[in-house]
>>> print(open('work_27.txt').read())   # compact mmCIF, C-alpha atoms
# COMPACT_ATOMS: atom_id res chain seq x y z
CA MET A 1 -34.48 15.36 -88.34
CA GLU A 2 -32.40 17.11 -90.94
CA ASN A 3 -31.17 15.27 -94.06
CA ILE A 4 -27.69 15.43 -92.56
CA TRP A 5 -28.78 12.46 -90.44
CA GLN A 6 -28.59 10.31 -93.55
CA GLU A 7 -24.80 10.42 -93.26
CA VAL A 8 -24.94 8.09 -90.27
CA ASP A 9 -28.30 6.40 -90.89
CA SER A 10 -26.92 3.37 -92.72
CA THR A 11 -24.38 2.75 -89.94
CA LEU A 12 -27.10 2.98 -87.33
CA LYS A 13 -29.24 0.46 -89.18
CA GLN A 14 -26.47 -1.97 -90.08
CA ARG A 15 -25.14 -2.14 -86.54
CA ASN A 16 -28.47 -1.78 -84.68
CA ILE A 17 -27.02 1.06 -82.65
CA PRO A 18 -29.47 1.98 -79.86
CA ILE A 19 -29.25 5.72 -80.55
CA SER A 20 -32.44 6.52 -78.61
CA ILE A 21 -33.50 5.00 -75.28
CA VAL A 22 -36.49 5.65 -73.04
CA PHE A 23 -35.22 5.46 -69.47
CA GLU A 24 -37.76 4.83 -66.72
CA LEU A 25 -36.15 6.34 -63.62
CA THR A 26 -38.95 5.52 -61.21
CA ARG A 27 -42.47 4.14 -61.10
CA ARG A 28 -43.41 6.30 -58.14
CA CYS A 29 -45.92 8.96 -59.05
CA ASN A 30 -47.79 11.71 -57.27
CA LEU A 31 -50.86 11.25 -59.49
CA SER A 32 -53.10 8.27 -60.08
CA CYS A 33 -54.30 8.59 -63.65
CA ILE A 34 -57.21 6.32 -64.49
CA HIS A 35 -55.71 5.19 -67.79
CA CYS A 36 -52.10 4.73 -66.72
CA TYR A 37 -50.35 1.62 -68.13
CA ASN A 38 -47.80 1.42 -65.34
CA LYS A 39 -47.69 -1.05 -62.50
CA LYS A 40 -48.46 0.62 -59.19
CA ASP A 41 -45.29 -0.17 -57.28
CA ASN A 42 -42.34 1.82 -55.97
CA ALA A 43 -39.69 0.45 -58.31
CA GLN A 44 -36.92 3.01 -58.62
CA LEU A 45 -33.31 3.03 -59.77
CA THR A 46 -30.69 4.53 -57.45
CA LEU A 47 -28.45 7.36 -58.61
CA LYS A 48 -25.47 5.02 -58.76
CA GLN A 49 -27.43 2.49 -60.81
CA ILE A 50 -28.51 5.23 -63.21
CA GLU A 51 -24.91 6.38 -63.58
CA ASN A 52 -23.66 2.87 -64.36
CA ILE A 53 -26.47 2.25 -66.84
CA ALA A 54 -25.82 5.62 -68.46
CA PHE A 55 -22.16 4.76 -69.11
CA SER A 56 -23.21 1.42 -70.60
CA LEU A 57 -25.66 3.17 -72.89
CA ARG A 58 -23.03 5.65 -73.88
CA LYS A 59 -20.63 2.86 -74.79
CA ALA A 60 -23.35 1.21 -76.87
CA GLY A 61 -23.86 4.38 -78.93
CA CYS A 62 -26.86 6.00 -77.30
CA LEU A 63 -27.26 9.77 -77.83
CA PHE A 64 -30.91 10.52 -77.05
CA LEU A 65 -32.41 9.72 -73.66
CA THR A 66 -36.05 10.24 -72.80
CA LEU A 67 -36.53 10.25 -69.03
CA THR A 68 -39.86 8.99 -67.82
CA GLY A 69 -41.65 7.43 -64.87
CA GLY A 70 -43.97 7.35 -62.92
CA GLU A 71 -43.12 10.94 -62.33
CA ILE A 72 -39.42 11.78 -62.35
CA PHE A 73 -39.76 15.06 -60.46
CA ILE A 74 -40.97 13.13 -57.41
CA ARG A 75 -37.31 12.22 -56.94
CA ASP A 76 -35.30 14.58 -54.73
CA ASP A 77 -32.23 13.81 -56.84
CA CYS A 78 -33.93 14.48 -60.16
CA PHE A 79 -31.75 17.42 -61.12
CA GLU A 80 -28.61 15.62 -60.01
CA ILE A 81 -29.57 12.87 -62.46
CA ILE A 82 -30.32 15.24 -65.35
CA SER A 83 -27.11 17.16 -64.73
CA LEU A 84 -25.07 13.94 -64.67
CA LEU A 85 -26.63 12.69 -67.90
CA ARG A 86 -26.05 16.02 -69.61
CA GLN A 87 -22.41 16.04 -68.52
CA ILE A 88 -21.96 12.58 -70.04
CA GLY A 89 -23.20 14.10 -73.29
CA PHE A 90 -26.77 12.86 -73.75
CA ASP A 91 -29.54 14.84 -75.36
CA ILE A 92 -32.30 14.76 -72.75
CA LYS A 93 -36.07 14.79 -73.24
CA ILE A 94 -38.44 14.48 -70.31
CA ILE A 95 -41.97 13.14 -70.00
CA THR A 96 -43.79 14.49 -66.97
CA ASN A 97 -47.21 15.28 -65.55
CA GLY A 98 -45.81 18.75 -64.83
CA SER A 99 -47.54 19.13 -61.47
CA LEU A 100 -44.25 19.30 -59.55
CA ILE A 101 -42.52 21.82 -61.83
CA THR A 102 -42.08 25.26 -60.29
CA ALA A 103 -40.69 28.41 -61.88
CA LEU A 104 -37.33 27.65 -60.29
CA LYS A 105 -37.27 24.10 -61.65
CA ALA A 106 -38.15 25.38 -65.10
CA LYS A 107 -35.18 27.76 -64.90
CA ARG A 108 -32.95 24.89 -63.89
CA LEU A 109 -34.17 22.79 -66.81
CA ARG A 110 -33.30 25.61 -69.16
CA GLU A 111 -29.83 25.92 -67.63
CA LEU A 112 -29.33 22.20 -68.26
CA SER A 113 -30.40 22.61 -71.91
CA VAL A 114 -33.07 19.95 -71.76
CA SER A 115 -34.18 19.36 -75.31
CA GLU A 116 -37.93 18.92 -74.84
CA ILE A 117 -40.46 18.46 -72.07
CA GLY A 118 -43.59 16.43 -72.81
CA VAL A 119 -46.34 17.40 -70.37
CA SER A 120 -49.48 15.35 -69.89
CA LEU A 121 -52.58 17.53 -70.02
CA TYR A 122 -56.00 15.94 -70.33
CA GLY A 123 -58.36 18.88 -70.61
CA VAL A 124 -58.76 22.61 -70.17
CA SER A 125 -60.64 22.46 -66.88
CA SER A 126 -60.05 21.04 -63.43
CA SER A 127 -63.31 19.14 -63.65
CA VAL A 128 -62.00 17.08 -66.56
CA HIS A 129 -58.25 16.93 -65.94
CA ASP A 130 -58.39 16.30 -62.18
CA LYS A 131 -61.03 13.63 -62.65
CA ILE A 132 -58.55 11.73 -64.82
CA THR A 133 -55.50 12.27 -62.59
CA GLN A 134 -57.61 11.72 -59.46
CA VAL A 135 -55.71 14.52 -57.72
CA LYS A 136 -57.50 17.78 -57.00
CA GLY A 137 -55.50 20.82 -58.02
CA SER A 138 -53.30 18.96 -60.52
CA PHE A 139 -54.71 20.83 -63.52
CA ASN A 140 -53.74 24.25 -62.18
CA LYS A 141 -50.26 23.05 -61.29
CA THR A 142 -49.73 21.44 -64.69
CA LEU A 143 -50.97 24.48 -66.55
CA SER A 144 -48.68 26.71 -64.49
CA ALA A 145 -45.77 24.39 -65.24
CA ILE A 146 -46.38 24.66 -68.98
CA LYS A 147 -46.31 28.44 -68.70
CA PHE A 148 -43.13 28.41 -66.57
CA LEU A 149 -41.38 26.14 -69.07
CA LYS A 150 -42.51 28.19 -72.04
CA LYS A 151 -41.35 31.38 -70.35
CA GLU A 152 -37.88 29.86 -70.04
CA GLY A 153 -37.84 29.25 -73.77
CA LEU A 154 -37.98 25.45 -73.46
CA ALA A 155 -39.61 23.24 -76.06
CA VAL A 156 -42.89 22.08 -74.52
CA HIS A 157 -45.06 19.36 -76.03
CA ILE A 158 -48.53 18.76 -74.60
CA LYS A 159 -49.50 15.08 -74.57
CA CYS A 160 -53.21 14.49 -74.31
CA THR A 161 -54.41 10.90 -74.14
CA LEU A 162 -57.94 10.93 -75.44
CA MET A 163 -60.59 8.87 -73.66
CA LYS A 164 -64.31 8.96 -72.89
CA GLU A 165 -63.71 11.23 -69.91
CA ASN A 166 -62.08 14.07 -71.87
CA PHE A 167 -63.50 13.66 -75.39
CA VAL A 168 -65.60 16.77 -74.87
CA GLU A 169 -62.55 19.00 -74.36
CA TYR A 170 -59.91 17.80 -76.81
CA ARG A 171 -60.51 20.59 -79.30
CA GLU A 172 -60.06 23.08 -76.49
CA VAL A 173 -56.76 21.40 -75.57
CA MET A 174 -55.59 21.95 -79.14
CA LYS A 175 -56.64 25.60 -78.99
CA LEU A 176 -54.98 26.06 -75.61
CA ALA A 177 -51.73 24.61 -76.96
CA GLU A 178 -51.87 26.95 -79.94
CA ASP A 179 -52.59 29.94 -77.69
CA LEU A 180 -49.66 29.01 -75.44
CA GLY A 181 -47.39 28.53 -78.44
CA VAL A 182 -46.57 24.90 -77.70
CA THR A 183 -46.84 21.76 -79.80
CA TYR A 184 -49.24 18.97 -78.90
CA ILE A 185 -50.36 15.47 -79.67
CA ILE A 186 -53.85 14.14 -79.10
CA ASP A 187 -53.62 10.36 -78.91
CA PRO A 188 -56.76 8.21 -78.68
CA VAL A 189 -54.83 5.02 -78.03
CA ILE A 190 -55.12 3.67 -74.50
CA SER A 191 -52.77 0.83 -73.84
CA PRO A 192 -53.42 -2.24 -71.68
CA LYS A 193 -51.48 -2.14 -68.43
CA ASP A 194 -48.02 -3.63 -68.27
CA ASP A 195 -49.28 -6.21 -65.78
CA GLY A 196 -51.61 -7.57 -68.46
CA SER A 197 -54.79 -6.00 -67.10
CA LYS A 198 -57.19 -4.76 -69.79
CA ASP A 199 -59.72 -3.15 -67.50
CA VAL A 200 -58.38 0.25 -68.50
CA LEU A 201 -59.47 -0.33 -72.12
CA LYS A 202 -63.04 0.53 -71.14
CA ARG A 203 -61.83 4.16 -71.21
CA ARG A 204 -61.25 3.96 -74.98
CA LEU A 205 -63.47 5.99 -77.26
CA ASN A 206 -66.32 4.17 -78.93
CA PHE A 207 -66.32 3.73 -82.71
CA GLU A 208 -68.33 6.88 -83.47
CA GLU A 209 -66.20 9.07 -81.21
CA LEU A 210 -63.03 7.62 -82.74
CA LYS A 211 -64.33 8.17 -86.24
CA SER A 212 -65.29 11.75 -85.45
CA PHE A 213 -61.82 12.42 -84.09
CA TYR A 214 -59.91 10.76 -86.93
CA TRP A 215 -61.97 12.22 -89.75
CA GLU A 216 -61.16 15.65 -88.40
CA GLU A 217 -57.48 14.63 -88.13
CA PHE A 218 -57.33 13.15 -91.62
CA SER A 219 -58.98 16.23 -93.08
CA ASN A 220 -56.27 18.41 -91.62
CA ILE A 221 -53.25 16.41 -92.73
CA ASP A 222 -52.07 15.02 -96.01
CA ARG A 223 -51.55 11.46 -94.96
CA GLU A 224 -50.61 8.71 -97.29
CA TYR A 225 -49.81 5.14 -96.39
CA ASP A 226 -47.58 2.89 -98.40
CA SER A 227 -48.84 -0.57 -99.20
CA GLN A 228 -46.59 -2.26 -96.62
CA GLU A 229 -47.78 -0.13 -93.75
CA GLY A 230 -49.51 -2.99 -91.96
CA SER A 231 -46.35 -5.04 -91.67
CA SER A 232 -43.96 -2.20 -91.11
CA PHE A 233 -42.06 -2.11 -87.89
CA CYS A 234 -40.78 0.93 -86.15
CA ASP A 235 -37.19 1.14 -84.91
CA ALA A 236 -38.03 -0.64 -81.65
CA GLY A 237 -35.29 -3.18 -80.99
CA PHE A 238 -33.07 -1.74 -83.71
CA ASN A 239 -32.20 1.89 -82.99
CA PHE A 240 -34.73 2.43 -80.21
CA GLY A 241 -35.15 0.73 -76.85
CA ALA A 242 -36.19 1.15 -73.26
CA ILE A 243 -34.96 0.41 -69.75
CA SER A 244 -37.45 -0.06 -66.91
CA ALA A 245 -37.23 0.98 -63.29
CA GLU A 246 -36.06 -2.55 -62.43
CA GLY A 247 -33.35 -2.52 -65.08
CA ASN A 248 -35.21 -4.65 -67.63
CA VAL A 249 -34.32 -3.94 -71.24
CA TYR A 250 -37.22 -3.75 -73.71
CA PRO A 251 -37.46 -3.01 -77.45
CA CYS A 252 -39.76 -0.12 -76.46
CA ILE A 253 -41.46 1.19 -73.33
CA GLN A 254 -44.73 0.31 -75.11
CA LEU A 255 -43.44 -3.23 -75.79
CA PRO A 256 -42.49 -4.67 -72.37
CA LEU A 257 -40.99 -7.89 -73.70
CA LYS A 258 -37.96 -8.54 -71.51
CA LEU A 259 -34.73 -8.88 -73.48
CA GLY A 260 -32.49 -9.00 -70.43
CA ASN A 261 -31.66 -7.07 -67.28
CA VAL A 262 -28.78 -4.62 -66.90
CA PHE A 263 -28.07 -5.89 -63.37
CA GLU A 264 -27.46 -9.38 -64.75
CA ASP A 265 -25.78 -8.64 -68.08
CA ASP A 266 -24.04 -5.75 -69.79
CA PHE A 267 -26.47 -3.61 -71.84
CA GLU A 268 -24.37 -3.86 -75.00
CA ASP A 269 -24.31 -7.62 -74.65
CA ILE A 270 -28.11 -7.75 -74.25
CA TRP A 271 -28.68 -5.47 -77.23
CA GLY A 272 -26.31 -7.42 -79.45
CA ASN A 273 -26.90 -10.99 -78.31
CA SER A 274 -30.34 -11.37 -76.72
CA PRO A 275 -31.89 -14.47 -78.34
CA VAL A 276 -35.34 -12.91 -77.95
CA LEU A 277 -34.30 -9.70 -79.68
CA ASN A 278 -32.36 -11.39 -82.46
CA ASP A 279 -35.36 -13.61 -83.17
CA ILE A 280 -37.58 -10.53 -83.46
CA ARG A 281 -35.08 -8.87 -85.79
CA ARG A 282 -34.83 -11.96 -87.96
CA ARG A 283 -38.59 -12.21 -88.24
CA ILE A 284 -38.92 -8.55 -89.10
CA HIS A 285 -36.27 -8.81 -91.79
CA SER A 286 -38.18 -11.73 -93.29
CA ARG A 287 -41.29 -9.49 -93.26
CA GLU A 288 -43.26 -11.89 -91.12
CA SER A 289 -46.75 -10.61 -90.47
CA ALA A 290 -50.09 -12.10 -89.51
CA CYS A 291 -51.78 -9.17 -91.25
CA SER A 292 -50.58 -9.38 -94.84
CA ASN A 293 -53.84 -10.89 -96.15
CA CYS A 294 -56.04 -8.36 -94.38
CA ASP A 295 -58.04 -6.07 -96.68
CA LEU A 296 -57.17 -3.17 -94.35
CA PHE A 297 -53.44 -3.87 -94.71
CA SER A 298 -52.64 -0.85 -96.82
CA TYR A 299 -54.55 1.50 -94.49
CA CYS A 300 -52.96 0.23 -91.30
CA SER A 301 -50.33 1.80 -89.07
CA ARG A 302 -49.77 -0.80 -86.40
CA CYS A 303 -47.84 -0.58 -83.16
CA PRO A 304 -46.25 -3.96 -82.36
CA GLY A 305 -46.23 -3.03 -78.68
CA LEU A 306 -50.00 -2.67 -78.64
CA SER A 307 -50.38 -5.92 -80.53
CA TYR A 308 -48.24 -7.62 -77.92
CA LEU A 309 -50.13 -6.13 -74.96
CA GLU A 310 -53.56 -6.72 -76.47
CA ASN A 311 -53.04 -10.21 -77.87
CA GLY A 312 -49.61 -11.49 -76.89
CA ASN A 313 -48.31 -11.43 -80.47
CA LEU A 314 -46.21 -8.50 -81.63
CA PHE A 315 -46.53 -9.69 -85.22
CA GLY A 316 -50.29 -9.93 -85.07
CA PRO A 317 -53.18 -7.48 -85.24
CA SER A 318 -54.06 -4.85 -82.69
CA GLN A 319 -57.73 -4.01 -82.17
CA SER A 320 -56.98 -0.33 -81.93
CA ALA A 321 -54.95 -0.39 -85.17
CA CYS A 322 -57.69 -2.37 -86.95
CA LEU A 323 -60.31 0.19 -85.96
CA THR A 324 -58.16 3.10 -87.07
CA ALA A 325 -57.42 1.40 -90.38
CA LYS A 326 -61.12 0.77 -90.94
CA ILE A 327 -61.87 4.43 -90.28
CA TYR A 328 -59.07 5.56 -92.56
CA LYS A 329 -60.27 3.27 -95.35
CA GLU A 330 -63.77 4.76 -95.13
CA PHE A 331 -62.32 8.25 -95.15
CA LYS A 332 -60.11 7.58 -98.17
CA GLU A 333 -62.92 5.96 -100.14
CA LYS A 334 -65.23 8.88 -99.41
CA LYS A 335 -62.57 11.35 -100.51
CA ASP A 336 -61.79 9.38 -103.65
CA ASN A 337 -65.49 9.32 -104.55
CA GLU A 338 -65.67 13.08 -104.18
CA ILE A 339 -62.92 13.61 -106.74
CA MET B 1 -12.54 37.70 -83.92
CA LYS B 2 -8.83 37.36 -83.16
CA LEU B 3 -8.63 33.75 -82.18
CA GLN B 4 -5.01 33.47 -81.14
CA LYS B 5 -5.47 35.00 -77.72
CA LYS B 6 -8.72 33.25 -76.88
CA MET B 7 -9.47 29.94 -75.22
CA PHE B 8 -12.17 27.60 -76.54
CA VAL B 9 -14.21 24.79 -75.04
CA ARG B 10 -17.21 22.66 -76.03
CA SER B 11 -20.48 24.43 -75.35
CA PRO B 12 -22.22 22.81 -72.36
CA ASP B 13 -25.45 23.16 -74.34
CA THR B 14 -24.45 20.42 -76.76
CA ALA B 15 -25.07 16.68 -76.74
CA TRP B 16 -22.84 14.41 -78.80
CA GLN B 17 -21.93 10.83 -79.62
CA ASP B 18 -19.33 9.01 -81.71
CA ILE B 19 -20.79 6.79 -84.42
CA GLU B 20 -17.99 4.87 -86.12
CA ASP B 21 -15.73 7.41 -87.83
CA LYS B 22 -18.04 10.37 -87.24
CA THR B 23 -19.09 12.49 -84.29
CA VAL B 24 -22.71 13.59 -84.16
CA ILE B 25 -23.30 16.83 -82.24
CA VAL B 26 -26.76 18.06 -81.33
CA THR B 27 -27.64 21.50 -80.08
CA PRO B 28 -30.83 20.87 -78.07
CA ARG B 29 -32.06 24.45 -78.13
CA THR B 30 -31.92 24.83 -81.90
CA LYS B 31 -32.48 21.12 -82.64
CA LYS B 32 -29.69 21.26 -85.18
CA ILE B 33 -27.44 18.31 -85.92
CA HIS B 34 -23.81 18.64 -86.94
CA ILE B 35 -21.56 15.84 -88.06
CA ILE B 36 -17.79 16.09 -87.95
CA SER B 37 -15.14 13.65 -89.02
CA GLY B 38 -11.39 13.31 -89.54
CA SER B 39 -9.25 15.95 -87.88
CA GLY B 40 -12.41 17.71 -86.70
CA ARG B 41 -12.99 14.85 -84.32
CA SER B 42 -9.53 15.24 -82.82
CA ILE B 43 -10.22 18.92 -82.27
CA TRP B 44 -13.62 18.18 -80.72
CA SER B 45 -12.03 15.62 -78.44
CA CYS B 46 -9.42 18.04 -77.07
CA LEU B 47 -12.03 20.75 -76.53
CA GLU B 48 -13.43 18.76 -73.64
CA LYS B 49 -11.22 21.13 -71.66
CA PRO B 50 -10.49 24.78 -72.52
CA GLN B 51 -7.73 25.08 -75.10
CA LYS B 52 -5.82 27.84 -76.77
CA LEU B 53 -5.67 27.82 -80.53
CA GLU B 54 -1.94 27.09 -80.51
CA ASN B 55 -2.46 23.99 -78.35
CA ILE B 56 -4.88 22.65 -80.93
CA VAL B 57 -2.51 23.49 -83.78
CA GLU B 58 0.28 21.65 -81.99
CA LEU B 59 -1.97 18.64 -81.48
CA LEU B 60 -2.87 18.48 -85.17
CA CYS B 61 0.73 18.86 -86.31
CA GLY B 62 1.57 15.90 -84.09
CA GLU B 63 -1.23 13.76 -85.55
CA TYR B 64 -1.12 14.77 -89.21
CA GLU B 65 1.56 15.59 -91.72
CA VAL B 66 0.78 19.26 -92.12
CA SER B 67 2.74 22.49 -91.84
CA VAL B 68 2.19 24.69 -88.81
CA GLN B 69 0.82 27.53 -90.93
CA GLN B 70 -1.58 25.23 -92.79
CA ALA B 71 -2.74 23.73 -89.51
CA ARG B 72 -3.21 27.18 -88.00
CA ASP B 73 -5.30 28.34 -90.98
CA ASP B 74 -7.43 25.18 -90.98
CA VAL B 75 -7.95 25.14 -87.23
CA SER B 76 -8.84 28.84 -87.16
CA ARG B 77 -11.46 28.35 -89.84
CA PHE B 78 -12.86 25.26 -88.16
CA ILE B 79 -13.00 26.80 -84.69
CA GLN B 80 -14.63 29.96 -86.02
CA ASP B 81 -17.26 27.81 -87.70
CA LEU B 82 -17.96 25.90 -84.48
CA VAL B 83 -18.20 29.16 -82.54
CA ASP B 84 -20.62 30.59 -85.10
CA LYS B 85 -22.77 27.46 -84.74
CA LYS B 86 -22.59 27.81 -80.94
CA ILE B 87 -21.12 24.32 -80.60
CA VAL B 88 -17.95 25.77 -79.11
CA LYS B 89 -17.75 28.77 -76.86
CA VAL B 90 -15.06 31.29 -76.08
CA VAL B 91 -13.84 31.11 -72.51
CA ASP B 92 -13.14 34.39 -70.77
>>> encode(input="work_27.txt", output="C-alpha cells")
Amino acid sequence: MENIWQEVDSTLKQRNIPISIVFELTRRCNLSCIHCYNKKDNAQLTLKQIENIAFSLRKAGCLFLTLTGGEIFIRDDCFEIISLLRQIGFDIKIITNGSLITALKAKRLRELSVSEIGVSLYGVSSSVHDKITQVKGSFNKTLSAIKFLKKEGLAVHIKCTLMKENFVEYREVMKLAEDLGVTYIIDPVISPKDDGSKDVLKRRLNFEELKSFYWEEFSNIDREYDSQEGSSFCDAGFNFGAISAEGNVYPCIQLPLKLGNVFEDDFEDIWGNSPVLNDIRRRIHSRESACSNCDLFSYCSRCPGLSYLENGNLFGPSQSACLTAKIYKEFKEKKDNEI
Amino acid sequence: MKLQKKMFVRSPDTAWQDIEDKTVIVTPRTKKIHIISGSGRSIWSCLEKPQKLENIVELLCGEYEVSVQQARDDVSRFIQDLVDKKIVKVVD
C-alpha cells in the first residue's frame, strides 16, 4: 500500500474499522483437494443474504472484500454477486481454483474491474496437480484459466500450498509463474480442518524438506524480524475479519472463532461489542503471549489462527511456527558466522 | 479539455469508502489509492450520477461561502485532476 494510506491508518486502528473482510460465499466446490481445511457441506448464502450482509459491511466501513469458498464460480449467480458488490463500491479480490473460468468469464471479470484473482495451482503437471485436487483434468482447466485472466490484463496471483505430494515441483511452479508473468506464493503451511480434524497435517513437509524450502527462501529475501515478532498479532479482529457461508463472523478465515452471526445480530454490533472479540483485543493490547520466554521468540512469525486450530489457544505456540522459527534461527546463525 | 460542455461521473472502475472525514478511492486496475476530503467529498458524492460542471459549481456555492468564479476555477481544476487519474470519466 502507498504511504498515502497513513492518512487514515490511525483512524482505522483507533476505531477498529473492518476495512478488509474475507467473505465465504459458499462451501460447495467442484474439487476435492486432499489438504482442504473446509468442512465438506453445502453451506451457501443466498443472493439476498449476501446483499444484506454487504450493506452491513459497507456501513461498518469495509472497503476490501475477498470472495472465497468452496469455489465461488460453482454458483450460477456468481457474476450477479460480483456485479452487485462492485456497484456498492467494494474493491473485490477473488480466491478460486480456476477450473471453472472460461475466456468469457475472464472477460467479464475484467469488465467488472476485479482487483486480483488468486488461483490455486499445485504443480506443473496433471500427475501432481490432479492427484491433489482429486479431479482429472483440473490442471489443464486451471492453467487455461490463468492464461485467460492474464490475457484480459487482470492481476493473477498463483497460490501453491506446498505439501509432500507436490514438493518435487514447487520450483517449476515458480518458474511457470514467472514465465506467465504472474505473481505467486508458495506456502508450506497446511492448516488443520475447521471441524478440528488434524488428519490432513500428515501432508505437511518433513523437517528436512521444510528446511530446504525455507533456506532457499531466506537466501532470496532480505528478511529481518523484530524482537517482538513472536507475540505480534496481525490485524485479525481489528481491521480484518471474515464471514462464513453460514453467516458466522470470525476475526479471520484462518481463525474460525465465532464472534457472532449476522442472521442473529447486526455485523457492526458484533464487531464493536462481541465479548469474545473485545476480550481478544484487550489481551492483545496487554501483549499477552505464552511465547515470550521462548528462545525462538525473536525468530518467530506466528499465525494466531494456526495456534488456535492446532492447540485451541490463539495466544499460544503453533507447531508450524515453531519449526519455521527454528529453521530461521539456524539460517541466521549460519549467515552471521559467515560474516 | 473544455470542461463546461461536458458531463462527468464516477468511473465504474473505482472502489471507495468513507472513513470519518475522508473518502478513500481505490482504482483496482492500477492499485492506486486516492484520498479526498472537504469539498472534494461533496463533489465525489454528487458524481454518483452524471453532472455538468455548472451543476457542481452551483452545489458548492450552496454549501460553501465562495464566489461563483472561484468555485468554477476550483471545481474545474479538481475535476480535471480526477479525470487525469481516471477516477472520474467524461460521459458522452
>>> atom_distance(input="work_27.txt", atom1="atom CA of A:Lys13", atom2="atom CA of A:Lys159")
28.9 Å
>>> residues_around(input="work_27.txt", residues="A:Asp77", least_positions_apart="5", cutoff="12 Å", atoms="only C-alpha atoms", output="PyMOL selection string")
chain A and resi 25-26+44-48+50+72+82-84
>>> write_last_selection(input="work_27.txt", atoms="C-alpha atoms", output="mmCIF file, in the frame of the given file")
data_model
loop_
_atom_site.group_PDB
_atom_site.id
_atom_site.type_symbol
_atom_site.label_atom_id
_atom_site.label_comp_id
_atom_site.auth_asym_id
_atom_site.auth_seq_id
_atom_site.Cartn_x
_atom_site.Cartn_y
_atom_site.Cartn_z
ATOM 1 C CA LEU A 25 -36.150 6.340 -63.620
ATOM 2 C CA THR A 26 -38.950 5.520 -61.210
ATOM 3 C CA GLN A 44 -36.920 3.010 -58.620
ATOM 4 C CA LEU A 45 -33.310 3.030 -59.770
ATOM 5 C CA THR A 46 -30.690 4.530 -57.450
ATOM 6 C CA LEU A 47 -28.450 7.360 -58.610
ATOM 7 C CA LYS A 48 -25.470 5.020 -58.760
ATOM 8 C CA ILE A 50 -28.510 5.230 -63.210
ATOM 9 C CA ILE A 72 -39.420 11.780 -62.350
ATOM 10 C CA ILE A 82 -30.320 15.240 -65.350
ATOM 11 C CA SER A 83 -27.110 17.160 -64.730
ATOM 12 C CA LEU A 84 -25.070 13.940 -64.670
#
>>> residues_around(input="work_27.txt", residues="stretch 109-113 of chain A", least_positions_apart="6", cutoff="7 Å", atoms="all atoms listed in the file", output="ChimeraX atom specification")
/A:83,152,154 /B:13,28-29
>>> closest_atom_pairs(input="work_27.txt", of="chain A", to="chain B", cutoff="10 Å", atoms="only C-alpha atoms", output="tab-separated table")
residue	atom	partner	partner_atom	distance
A:Met1	CA	B:Ile33	CA	8.0
A:Glu2	CA	B:Ile33	CA	7.2
A:Asn3	CA	B:Ile33	CA	9.5
A:Ile4	CA	B:Ile33	CA	7.2
A:Trp5	CA	B:Ile33	CA	7.5
A:Glu7	CA	B:Ile35	CA	8.2
A:Val8	CA	B:Ile19	CA	7.3
A:Asp9	CA	B:Ile19	CA	9.9
A:Thr11	CA	B:Ile19	CA	7.7
A:Leu12	CA	B:Ile19	CA	7.9
A:Ile17	CA	B:Ile19	CA	8.6
A:Ile19	CA	B:Gln17	CA	9.0
A:Arg58	CA	B:Gln17	CA	7.8
A:Lys59	CA	B:Asp18	CA	9.3
A:Ala60	CA	B:Ile19	CA	9.7
A:Gly61	CA	B:Ile19	CA	6.7
A:Cys62	CA	B:Gln17	CA	7.3
A:Leu63	CA	B:Gln17	CA	5.7
A:Phe64	CA	B:Ala15	CA	8.5
A:Leu85	CA	B:Ala15	CA	9.8
A:Arg86	CA	B:Ala15	CA	7.2
A:Gln87	CA	B:Pro12	CA	7.8
A:Ile88	CA	B:Ala15	CA	8.4
A:Gly89	CA	B:Ala15	CA	4.7
A:Phe90	CA	B:Ala15	CA	5.1
A:Asp91	CA	B:Ala15	CA	5.0
A:Ile92	CA	B:Pro28	CA	8.2
A:Lys93	CA	B:Pro28	CA	9.4
A:Arg110	CA	B:Arg29	CA	9.1
A:Glu111	CA	B:Asp13	CA	8.5
A:Leu112	CA	B:Asp13	CA	7.3
A:Ser113	CA	B:Asp13	CA	5.5
A:Val114	CA	B:Pro28	CA	6.8
A:Ser115	CA	B:Pro28	CA	4.6
A:Glu116	CA	B:Pro28	CA	8.0
A:Gly153	CA	B:Arg29	CA	8.7
A:Leu154	CA	B:Arg29	CA	7.6
A:Ala155	CA	B:Arg29	CA	7.9
>>> residues_around(input="work_27.txt", residues="B:Val91", least_positions_apart="3", cutoff="9 Å", atoms="only C-alpha atoms", output="list in words")
Lys6, Met7, Phe8, Val9, Pro50 and Gln51 of chain B
>>> closest_residue(input="work_27.txt", among="B:Leu47, B:Lys2, B:Gly40, B:Glu58", to="B:Phe78", atoms="all atoms listed in the file")
B:Gly40
>>> residues_near_point(input="work_27.txt", point="(-3.3, 23.7, -81.0)", cutoff="10 Å", atoms="all atoms listed in the file", output="list in words")
Gln4, Ile43, Cys46, Gln51, Lys52, Leu53, Glu54, Asn55, Ile56, Val57, Glu58, Leu59, Leu60, Cys61, Gly62, Val68, Ala71, Arg72, Val75 and Ser76 of chain B
>>> residues_around(input="work_27.txt", residues="A:Arg282", least_positions_apart="6", cutoff="12 Å", atoms="only C-alpha atoms", output="list in words")
Gly237, Phe238, Pro275, Val276 and Glu288 of chain A
>>> closest_residue(input="work_27.txt", among="A:Thr96, A:Ser212, A:Ser10, A:Ser126", to="A:Arg27", atoms="only C-alpha atoms")
A:Thr96
>>> closest_residue(input="work_27.txt", among="A:His35, A:Lys107, A:Arg287, A:Arg75", to="A:Glu165", atoms="all atoms listed in the file")
A:His35
>>> residues_around(input="work_27.txt", residues="A:Lys131", least_positions_apart="2", cutoff="10 Å", atoms="only C-alpha atoms", output="number ranges by chain")
A: 32-34, 122-123, 125-129, 133-136, 138-139, 165-166
>>> closest_residue(input="work_27.txt", among="A:Asn97, A:Asn293, A:Ser219, A:Thr102", to="A:Pro317", atoms="only C-alpha atoms")
A:Asn293
>>> axis_aligned_box(input="work_27.txt", around="stretch 202-207 of chain A", padding_each_side="5 Å", output="AutoDock Vina command-line options")
--center_x -63.8 --center_y 3.3 --center_z -76.9 --size_x 15.1 --size_y 15.5 --size_z 21.6
>>> atom_distance(input="work_27.txt", atom1="atom CA of A:Ile270", atom2="atom CA of A:Pro251")
11.0 Å
>>> atom_distance(input="work_27.txt", atom1="atom CA of A:Thr161", atom2="atom CA of A:Asp187")
4.9 Å
>>> closest_residue(input="work_27.txt", among="B:Ser11, B:Gln69, B:Lys5, B:Gly38", to="B:Val83", atoms="only C-alpha atoms")
B:Ser11
